[in-house]
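Below is the file start-v5.txt, which contains compact mmCIF, C-alpha atoms.
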# COMPACT_ATOMS: atom_id res chain seq x y z
CA MET A 1 0.00 0.00 0.00
CA THR A 2 1.20 3.47 -0.84
CA ALA A 3 -0.35 6.78 0.00
CA SER A 4 0.78 10.20 -1.09
CA ASP A 5 0.13 13.63 0.36
CA THR A 6 1.33 15.35 -2.80
CA ARG A 7 -1.43 16.66 -5.03
CA THR A 8 -1.68 17.54 -8.67
CA ARG A 9 -3.35 20.93 -8.83
CA LEU A 10 -6.94 20.50 -9.95
CA VAL A 11 -9.18 23.36 -10.97
CA LYS A 12 -12.64 23.18 -9.40
CA CYS A 13 -14.13 26.23 -11.09
CA VAL A 14 -13.31 28.28 -14.19
CA VAL A 15 -14.16 31.98 -13.93
CA TRP A 16 -14.70 33.55 -17.33
CA ASP A 17 -14.52 37.08 -18.65
CA LEU A 18 -17.20 37.76 -21.29
CA ASP A 19 -16.20 40.37 -23.91
CA ASN A 20 -13.77 38.89 -26.45
CA THR A 21 -13.32 35.88 -24.19
CA LEU A 22 -16.56 33.95 -23.97
CA TRP A 23 -18.05 35.74 -26.95
CA GLN A 24 -16.73 37.79 -29.84
CA GLY A 25 -17.08 41.55 -29.44
CA THR A 26 -17.78 44.08 -26.69
CA LEU A 27 -21.38 43.95 -25.53
CA LEU A 28 -21.81 47.66 -24.72
CA GLU A 29 -20.13 48.88 -27.90
CA GLU A 30 -21.33 46.63 -30.71
CA PRO A 31 -23.76 43.82 -31.51
CA VAL A 32 -22.50 40.50 -30.17
CA ARG A 33 -23.60 37.77 -32.54
CA SER A 34 -21.46 34.73 -31.73
CA LEU A 35 -19.39 32.94 -29.13
CA ARG A 36 -15.68 32.57 -29.61
CA PRO A 37 -14.96 29.37 -31.57
CA GLY A 38 -14.92 26.25 -29.42
CA VAL A 39 -15.96 27.97 -26.18
CA ALA A 40 -19.34 26.25 -25.85
CA HIS A 41 -17.71 22.85 -26.35
CA VAL A 42 -15.11 23.57 -23.66
CA VAL A 43 -17.74 24.80 -21.19
CA ARG A 44 -19.91 21.72 -21.66
CA ALA A 45 -16.98 19.28 -21.60
CA LEU A 46 -15.57 20.70 -18.36
CA ASP A 47 -19.04 20.64 -16.84
CA ARG A 48 -19.27 16.90 -17.57
CA ARG A 49 -15.95 16.48 -15.75
CA GLY A 50 -17.43 18.11 -12.65
CA ILE A 51 -15.64 21.45 -13.12
CA LEU A 52 -17.87 24.42 -12.33
CA HIS A 53 -18.11 27.71 -14.21
CA SER A 54 -18.66 31.30 -13.14
CA ILE A 55 -18.12 34.80 -14.51
CA ALA A 56 -16.06 37.87 -13.59
CA SER A 57 -16.94 40.59 -16.09
CA ARG A 58 -17.19 44.37 -16.00
CA ASN A 59 -20.44 44.69 -17.86
CA ASP A 60 -24.15 45.44 -17.62
CA HIS A 61 -25.56 42.53 -15.61
CA ASP A 62 -29.00 42.26 -17.24
CA LEU A 63 -27.73 42.63 -20.79
CA ALA A 64 -24.98 40.07 -20.22
CA MET A 65 -27.32 37.50 -18.67
CA ALA A 66 -29.75 37.96 -21.55
CA LYS A 67 -26.93 37.31 -24.01
CA LEU A 68 -25.93 34.14 -22.14
CA ARG A 69 -29.54 32.95 -22.35
CA GLU A 70 -29.55 33.71 -26.06
CA PHE A 71 -26.46 31.52 -26.51
CA GLY A 72 -27.95 28.72 -24.38
CA LEU A 73 -25.21 28.89 -21.73
CA GLU A 74 -26.83 30.68 -18.78
CA GLU A 75 -27.46 27.46 -16.84
CA PHE A 76 -23.74 26.62 -16.69
CA PHE A 77 -22.62 29.69 -14.73
CA LEU A 78 -22.92 29.75 -10.96
CA CYS A 79 -22.83 32.97 -8.91
CA PRO A 80 -21.87 35.19 -11.89
CA GLN A 81 -20.17 38.45 -10.89
CA ILE A 82 -21.14 40.95 -13.57
CA ASN A 83 -20.44 44.42 -12.19
CA TRP A 84 -17.84 47.18 -12.29
CA SER A 85 -15.54 45.86 -9.57
CA PRO A 86 -11.94 44.73 -10.10
CA LYS A 87 -11.77 41.20 -11.47
CA SER A 88 -9.87 40.03 -8.38
CA SER A 89 -12.76 41.17 -6.16
CA SER A 90 -15.26 39.34 -8.33
CA ILE A 91 -13.15 36.18 -8.24
CA GLN A 92 -13.01 36.33 -4.44
CA ALA A 93 -16.79 36.72 -4.39
CA VAL A 94 -17.14 33.58 -6.52
CA ALA A 95 -14.90 31.62 -4.15
CA ARG A 96 -16.94 32.74 -1.13
CA ALA A 97 -20.25 31.95 -2.80
CA LEU A 98 -19.12 28.45 -3.80
CA ASN A 99 -17.19 27.90 -0.54
CA ILE A 100 -14.03 26.80 -2.32
CA GLY A 101 -10.49 28.12 -2.08
CA THR A 102 -9.21 30.66 -4.57
CA ASP A 103 -6.34 28.27 -5.26
CA SER A 104 -8.95 25.99 -6.87
CA LEU A 105 -9.95 28.63 -9.43
CA ALA A 106 -8.84 29.42 -12.96
CA PHE A 107 -9.50 32.79 -14.61
CA VAL A 108 -9.82 33.19 -18.38
CA ASP A 109 -9.54 36.69 -19.89
CA ASP A 110 -8.38 38.14 -23.19
CA GLU A 111 -6.68 41.19 -21.63
CA VAL A 112 -3.17 41.00 -20.20
CA PHE A 113 -3.93 43.87 -17.81
CA GLU A 114 -6.86 41.98 -16.24
CA ARG A 115 -4.86 38.80 -15.85
CA ASP A 116 -1.96 40.72 -14.31
CA GLU A 117 -4.30 42.43 -11.83
CA VAL A 118 -5.60 39.04 -10.70
CA MET A 119 -2.11 37.51 -10.56
CA PHE A 120 -0.92 40.40 -8.39
CA SER A 121 -3.89 40.28 -5.99
CA LEU A 122 -4.50 36.52 -6.06
CA PRO A 123 -1.29 34.77 -7.15
CA GLU A 124 -2.78 31.38 -6.33
CA VAL A 125 -5.39 31.70 -9.10
CA LEU A 126 -4.44 30.08 -12.40
CA CYS A 127 -4.72 32.77 -15.08
CA VAL A 128 -5.24 31.74 -18.70
CA SER A 129 -5.33 33.77 -21.90
CA ALA A 130 -8.54 33.53 -23.90
CA LEU A 131 -6.36 32.43 -26.82
CA GLU A 132 -5.60 29.23 -24.88
CA THR A 133 -9.24 28.26 -24.30
CA ALA A 134 -9.25 25.33 -26.71
CA ALA A 135 -6.25 23.78 -24.93
CA LEU A 136 -7.94 23.67 -21.50
CA LEU A 137 -9.35 20.21 -22.15
CA GLU A 138 -5.83 18.83 -22.60
CA ARG A 139 -4.28 20.40 -19.51
CA SER A 140 -3.75 18.30 -16.38
CA GLU A 141 -5.28 20.96 -14.10
CA PHE A 142 -8.59 20.50 -15.90
CA THR A 143 -8.44 16.70 -16.16
CA PRO A 144 -9.57 14.92 -12.98
CA PRO A 145 -8.12 11.42 -12.62
CA VAL A 146 -11.63 10.07 -12.19
CA VAL A 147 -15.02 11.35 -13.31
CA THR A 148 -17.92 9.98 -11.30
CA ASP A 149 -21.69 10.28 -11.51
CA ASP A 150 -21.48 12.82 -8.68
CA ALA A 151 -19.02 14.83 -10.78
CA GLY A 152 -21.43 15.00 -13.69
CA ARG A 153 -24.14 16.29 -11.33
CA ARG A 154 -21.92 18.73 -9.43
CA ARG A 155 -23.37 21.87 -11.00
CA LEU A 156 -26.90 20.76 -10.10
CA LEU A 157 -25.82 19.93 -6.55
CA TYR A 158 -24.40 23.43 -6.19
CA ARG A 159 -27.61 24.90 -7.59
CA ALA A 160 -29.53 23.08 -4.86
CA ASP A 161 -27.05 24.42 -2.30
CA GLN A 162 -27.81 27.94 -3.46
CA VAL A 163 -31.53 27.35 -2.85
CA ARG A 164 -30.72 26.03 0.64
CA ARG A 165 -28.52 29.04 1.36
CA THR A 166 -31.28 31.44 0.29
CA ALA A 167 -33.75 29.63 2.54
CA GLU A 168 -31.30 29.84 5.44
CA ASP A 169 -30.68 33.55 4.87
CA GLU A 170 -34.42 34.18 4.93
CA PHE A 171 -35.03 32.07 8.06
CA ALA A 172 -35.57 34.27 11.12
CA GLY A 173 -34.96 31.75 13.92
CA PRO A 174 -31.86 30.08 15.43
CA LYS A 175 -29.67 27.97 13.17
CA GLU A 176 -30.66 24.71 14.89
CA GLU A 177 -34.31 25.43 14.10
CA PHE A 178 -33.46 26.01 10.45
CA LEU A 179 -31.47 22.77 10.28
CA ALA A 180 -34.50 20.96 11.71
CA THR A 181 -36.57 22.17 8.75
CA LEU A 182 -34.20 20.44 6.31
CA ASP A 183 -35.21 16.90 7.32
CA MET A 184 -31.63 15.66 6.89
CA THR A 185 -30.72 11.98 6.68
CA LEU A 186 -27.07 10.96 6.98
CA ARG A 187 -26.21 7.44 5.87
CA ILE A 188 -22.85 5.98 6.95
CA THR A 189 -22.18 2.61 5.37
CA PRO A 190 -19.23 0.45 4.37
CA ALA A 191 -18.01 1.46 0.92
CA GLY A 192 -19.14 -0.85 -1.84
CA GLU A 193 -17.31 -1.46 -5.07
CA HIS A 194 -19.62 1.07 -6.74
CA ASP A 195 -18.42 3.75 -4.28
CA LEU A 196 -14.71 3.46 -5.00
CA LEU A 197 -14.47 5.95 -7.86
CA ARG A 198 -16.21 8.59 -5.74
CA ALA A 199 -13.99 7.70 -2.76
CA GLN A 200 -10.90 8.16 -4.93
CA GLU A 201 -12.27 11.45 -6.23
CA LEU A 202 -12.88 12.70 -2.69
CA THR A 203 -9.29 12.02 -1.66
CA VAL A 204 -8.04 14.01 -4.66
CA ARG A 205 -10.48 16.95 -4.55
CA THR A 206 -10.98 17.57 -0.82
CA ASN A 207 -8.41 19.93 0.70
CA GLN A 208 -10.03 21.95 3.47
CA LEU A 209 -11.97 19.34 5.45
CA ASN A 210 -9.33 16.63 5.18
CA THR A 211 -7.38 15.34 8.17
CA THR A 212 -4.28 13.97 6.44
CA GLY A 213 -4.36 14.81 2.73
CA TYR A 214 -3.53 11.21 1.84
CA THR A 215 -4.65 10.20 -1.64
CA TYR A 216 -5.40 6.60 -2.56
CA SER A 217 -5.86 4.86 -5.88
CA TYR A 218 -8.93 2.83 -6.79
CA GLU A 219 -6.93 -0.38 -6.26
CA GLU A 220 -5.73 0.69 -2.80
CA LEU A 221 -9.23 1.63 -1.73
CA ASP A 222 -10.54 -1.68 -3.01
CA ARG A 223 -7.95 -3.52 -0.88
CA PHE A 224 -9.05 -1.54 2.18
CA ARG A 225 -12.69 -2.33 1.36
CA ARG A 226 -11.99 -6.06 1.31
CA SER A 227 -9.45 -6.03 4.17
CA GLY A 228 -10.28 -7.61 7.49
CA SER A 229 -8.16 -5.02 9.29
CA HIS A 230 -9.72 -1.83 7.88
CA LYS A 231 -13.05 -0.04 7.73
CA LEU A 232 -13.74 2.10 4.69
CA LEU A 233 -16.92 4.09 5.31
CA MET A 234 -18.84 6.41 3.02
CA ALA A 235 -21.19 9.16 4.22
CA ARG A 236 -24.14 10.29 2.11
CA LEU A 237 -26.46 13.18 2.97
CA ASP A 238 -29.97 13.95 1.76
CA ASP A 239 -32.51 16.57 2.76
CA ARG A 240 -35.85 17.91 1.59
CA TYR A 241 -34.15 19.77 -1.27
CA GLY A 242 -32.60 16.58 -2.62
CA PRO A 243 -29.30 14.69 -2.37
CA TYR A 244 -25.95 16.20 -1.54
CA GLY A 245 -24.37 12.99 -2.85
CA ASN A 246 -21.53 11.13 -1.19
CA VAL A 247 -19.98 13.80 1.00
CA GLY A 248 -17.63 12.00 3.40
CA LEU A 249 -15.06 9.24 3.65
CA ALA A 250 -13.38 7.59 6.64
CA LEU A 251 -10.58 5.04 6.58
CA VAL A 252 -9.94 3.28 9.87
CA GLU A 253 -7.18 0.76 10.55
CA THR A 254 -8.59 -1.76 13.05
CA GLY A 255 -5.91 -3.30 15.25
CA ALA A 256 -6.58 -5.73 18.09
CA GLY A 257 -6.54 -3.13 20.86
CA GLU A 258 -6.37 0.14 18.94
CA TRP A 259 -8.13 1.62 15.94
CA THR A 260 -6.51 4.43 13.95
CA ILE A 261 -8.39 6.91 11.78
CA LYS A 262 -5.99 7.17 8.85
CA LEU A 263 -8.17 9.53 6.85
CA LEU A 264 -11.34 11.49 7.52
CA LEU A 265 -12.67 14.00 5.02
CA MET A 266 -15.87 15.84 4.29
CA SER A 267 -17.07 17.85 1.31
CA CYS A 268 -16.94 21.59 1.95
CA ARG A 269 -20.58 21.78 0.82
CA VAL A 270 -21.70 20.27 4.15
CA MET A 271 -19.36 22.27 6.40
CA SER A 272 -22.24 24.12 8.06
CA ARG A 273 -24.48 21.09 8.57
CA GLY A 274 -22.71 19.50 11.54
CA VAL A 275 -22.11 16.32 9.58
CA GLY A 276 -18.45 16.03 10.57
CA THR A 277 -19.36 15.81 14.25
CA VAL A 278 -21.91 13.07 13.55
CA VAL A 279 -19.35 11.02 11.60
CA ILE A 280 -16.66 11.45 14.29
CA ASN A 281 -19.03 10.42 17.06
CA HIS A 282 -20.16 7.42 15.02
CA LEU A 283 -16.52 6.29 14.86
CA ARG A 284 -16.21 6.85 18.61
CA SER A 285 -19.30 4.70 19.17
CA LEU A 286 -17.96 1.89 16.99
CA ALA A 287 -14.64 1.87 18.85
CA ARG A 288 -16.36 1.96 22.23
CA ARG A 289 -18.53 -1.03 21.33
CA ALA A 290 -15.43 -2.88 20.11
CA GLY A 291 -13.62 -2.15 23.38
CA VAL A 292 -10.58 -0.54 21.74
CA ARG A 293 -8.71 2.76 21.89
CA LEU A 294 -9.44 5.19 19.06
CA VAL A 295 -6.56 7.24 17.71
CA ALA A 296 -6.65 9.73 14.84
CA GLU A 297 -3.81 10.82 12.57
CA PHE A 298 -3.67 14.45 11.51
CA VAL A 299 -1.28 16.15 9.09
CA PRO A 300 -1.56 19.93 9.51
CA THR A 301 -1.65 22.13 6.40
CA ASP A 302 -2.50 25.77 5.81
CA ARG A 303 -6.04 24.70 4.82
CA ASN A 304 -7.28 21.99 7.18
CA ARG A 305 -7.17 23.47 10.68
CA MET A 306 -10.96 23.13 10.86
CA MET A 307 -10.56 19.35 11.02
CA TYR A 308 -8.12 19.61 13.92
CA VAL A 309 -10.64 21.83 15.71
CA SER A 310 -13.35 19.25 14.99
CA TYR A 311 -11.30 16.51 16.63
CA LYS A 312 -10.63 18.69 19.67
CA PHE A 313 -14.29 19.74 19.90
CA ASN A 314 -15.29 16.08 19.89
CA ARG A 315 -13.01 15.12 22.79
CA PHE A 316 -9.81 14.05 21.08
CA GLN A 317 -6.60 15.00 22.88
CA GLU A 318 -3.20 15.32 21.26
CA ILE A 319 -0.83 12.57 22.43
CA GLU A 320 2.08 12.83 20.00
CA ARG A 321 3.57 15.16 17.40
CA ARG A 322 6.46 13.93 15.29
CA ASP A 323 7.80 14.55 11.76
CA GLY A 324 4.73 16.54 10.72
CA LEU A 325 2.27 13.91 11.97
CA VAL A 326 -0.04 14.60 14.91
CA ARG A 327 -1.73 11.77 16.79
CA LEU A 328 -4.83 12.35 18.91
CA GLU A 329 -6.71 9.93 21.14
CA ALA A 330 -10.47 9.96 21.64
CA ASP A 331 -12.27 10.00 24.97
CA LEU A 332 -14.84 7.24 24.51
CA ASP A 333 -16.93 8.04 27.58
CA ASP A 334 -20.43 9.46 27.07
CA VAL A 335 -20.49 9.60 23.28
CA PRO A 336 -23.43 11.89 22.44
CA PRO A 337 -26.19 10.81 20.07
CA PRO A 338 -26.68 12.64 16.76
CA PRO A 339 -28.37 16.03 17.08
CA SER A 340 -32.14 16.01 16.76
CA TYR A 341 -32.06 17.77 13.40
CA VAL A 342 -30.33 14.90 11.57
CA ARG A 343 -31.41 11.27 11.26
CA LEU A 344 -28.48 8.83 11.24
CA GLU A 345 -28.75 5.57 9.33
CA ALA A 346 -25.62 3.49 9.86
CA GLY A 347 -24.94 0.19 8.12
CA GLU A 348 -22.77 -2.53 9.56
CA GLY A 349 -19.26 -1.15 9.67
Rewrite the coordinates I just gave you, this time as structure tokens.
Amino acid sequence: MTASDTRTRLVKCVVWDLDNTLWQGTLLEEPVRSLRPGVAHVVRALDRRGILHSIASRNDHDLAMAKLREFGLEEFFLCPQINWSPKSSSIQAVARALNIGTDSLAFVDDEVFERDEVMFSLPEVLCVSALETAALLERSEFTPPVVTDDAGRRRLLYRADQVRRTAEDEFAGPKEEFLATLDMTLRITPAGEHDLLRAQELTVRTNQLNTTGYTYSYEELDRFRRSGSHKLLMARLDDRYGPYGNVGLALVETGAGEWTIKLLLMSCRVMSRGVGTVVINHLRSLARRAGVRLVAEFVPTDRNRMMYVSYKFNRFQEIERRDGLVRLEADLDDVPPPPSYVRLEAGEG
């Protein structure tokens, strides 16, 4: 078995300029009659790979959205920022709205000045000339190692998240009362063979809510799935707005007297739903019933401190720190049940 904490940079969202980038011409100066050659194909192909799209354009919002509808592309663009702000500000707004890091974004623009402004303000964003649009499909940053059913639905899942976020913003009561209105069901079950592509994808794509950053191949995950000394668990969340998809993965090494959480990760889309706490306490319950110690490995990065806080919040105490690896041990007394606003369905694990 091998595991690597090195990652090939993968773009999660492409942010597009409009004038002379997505389409030919300048909307406020001349009639715009066509898209740039090949752009529609690239947008649709990346969407099928699970890569999202948004817009950062200094333009008239209503006119630009009408033109996107005319070209049949409006549905592909999430949280479009069409205003008169600097492009770097618009890109940051996209990242906040989608709850992804700016280092997961690419920006496509025809003007060198605009790309330079973004590179100066946000050096972690991958900036691409509009002249290079056709080549995006061949670049490694835009080519996920696996493309799952969840990937093909990612844009629709984010659309549903936007509806949930609007409902939450409009809800006047405490957050717990809003969560209760969602009728959430969390299913934690042993990974089946049909889950392995999504499990592999999660290890590659998830950076923020990831305890170790280890990535595993399909074959490695399949060995864990069939191993008598490991538990490979998938977490799936649904609510009244529909499925979130498979949003979590846990890999536990099960020794005779001690279990070790080698990897625990959650999709950033469920960060505010309390799902991580439910998964952690489920692992605590399993270890308690088995009569073993429960230890977690944690590899700190500049992105994943939230997961360390989650362990600490759920009664894990640091017991060792060596060579960049932190080990924490769980207190298995009085493991709380899931909160009342989420229904837990756990398969044999």
### Query
Closest to Ala180 of chain A among A:Arg327, A:Arg165, A:Arg198, A:Arg343, using all atoms listed in the file?
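Closest to Ala180 of chain A, using all atoms listed in the file: A:Arg343.
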For the contact check between segment 45-160 of chain A and segment 26-38 of chain A, emit one row per residue of segment 45-160 of chain A within 9 Å, containing the shortest atom pair and the distance in Å rounded to one decimal, counting all atoms listed in the file, chain then rising number order, as a Markdown table.
| residue | atom | partner | partner_atom | distance |
| --- | --- | --- | --- | --- |
| A:Asn59 | CA | A:Leu28 | CA | 7.6 |
| A:Asp60 | CA | A:Leu28 | CA | 7.8 |
| A:Leu63 | CA | A:Leu27 | CA | 8.0 |
| A:Ala64 | CA | A:Leu27 | CA | 7.5 |
| A:Lys67 | CA | A:Val32 | CA | 8.2 |
| A:Phe71 | CA | A:Leu35 | CA | 7.7 |
| A:Thr133 | CA | A:Gly38 | CA | 7.9 |
| A:Ala134 | CA | A:Gly38 | CA | 6.4 |
### Message
Counting only C-alpha atoms, which residue out of A:Leu237, A:Val11, A:Val299, A:Leu332 sits closest to His282 of chain A?
### Response
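Distance minimum relative to His282 of chain A lands on A:Leu332.
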### A:Phe120, A:Tyr214, A:Tyr158, A:Phe76 ranked by distance to Arg269 of chain A, top pick (using all atoms listed in the file)
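For Arg269 of chain A, the nearest of the candidates is A:Tyr158.
Across the model, the gap from atom CA of Leu264 of chain A to atom CA of Asn210 of chain A is 6.0 Å.
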### Message
Need the shell around Val147 of chain A: protein/DNA/RNA residues with any atom at most 10 Å away, counting only C-alpha atoms. Skip same-chain ones fewer than 3 positions apart. Format as an MDAnalysis selection string?
### Response
chainID A and resid 48:50 143:144 150:152 197:198 200:201
#### Entry: Among the residues A:Arg322, A:Glu345, A:Leu186, A:Thr212, the one that comes closest to Arg303 of chain A [using all atoms listed in the file]
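Result for the nearest residue to Arg303 of chain A: A:Thr212.
With atom CA of Ile261 of chain A on one side and atom CA of Ala296 of chain A on the other, the separation reads 4.5 Å.
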### Query
At a cut-off of 10 Å from (-0.5, 15.8, 11.5) in the coordinates of the file, what residues are picked up using only C-alpha atoms, written as a list in words?
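Checking each residue against the 10 Å limit leaves Thr211, Thr212, Gly213, Ala296, Glu297, Phe298, Val299, Pro300, Thr301, Tyr308, Glu320, Arg321, Arg322, Asp323, Gly324, Leu325, Val326, Arg327 and Leu328 of chain A.
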### Task
Give the answer as one residue: which of A:Glu176, A:Arg240, A:Asn314, A:Leu196 has the shortest atom-to-atom distance to Ser340 of chain A, using all atoms listed in the file?
A:Glu176
### Task
Would you please work out which residue, of A:Arg187, A:Arg315, A:Lys12, A:Arg205, is nearest to Ala235 of chain A when using all atoms listed in the file?
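Among the listed residues, A:Arg187 lies closest to Ala235 of chain A.
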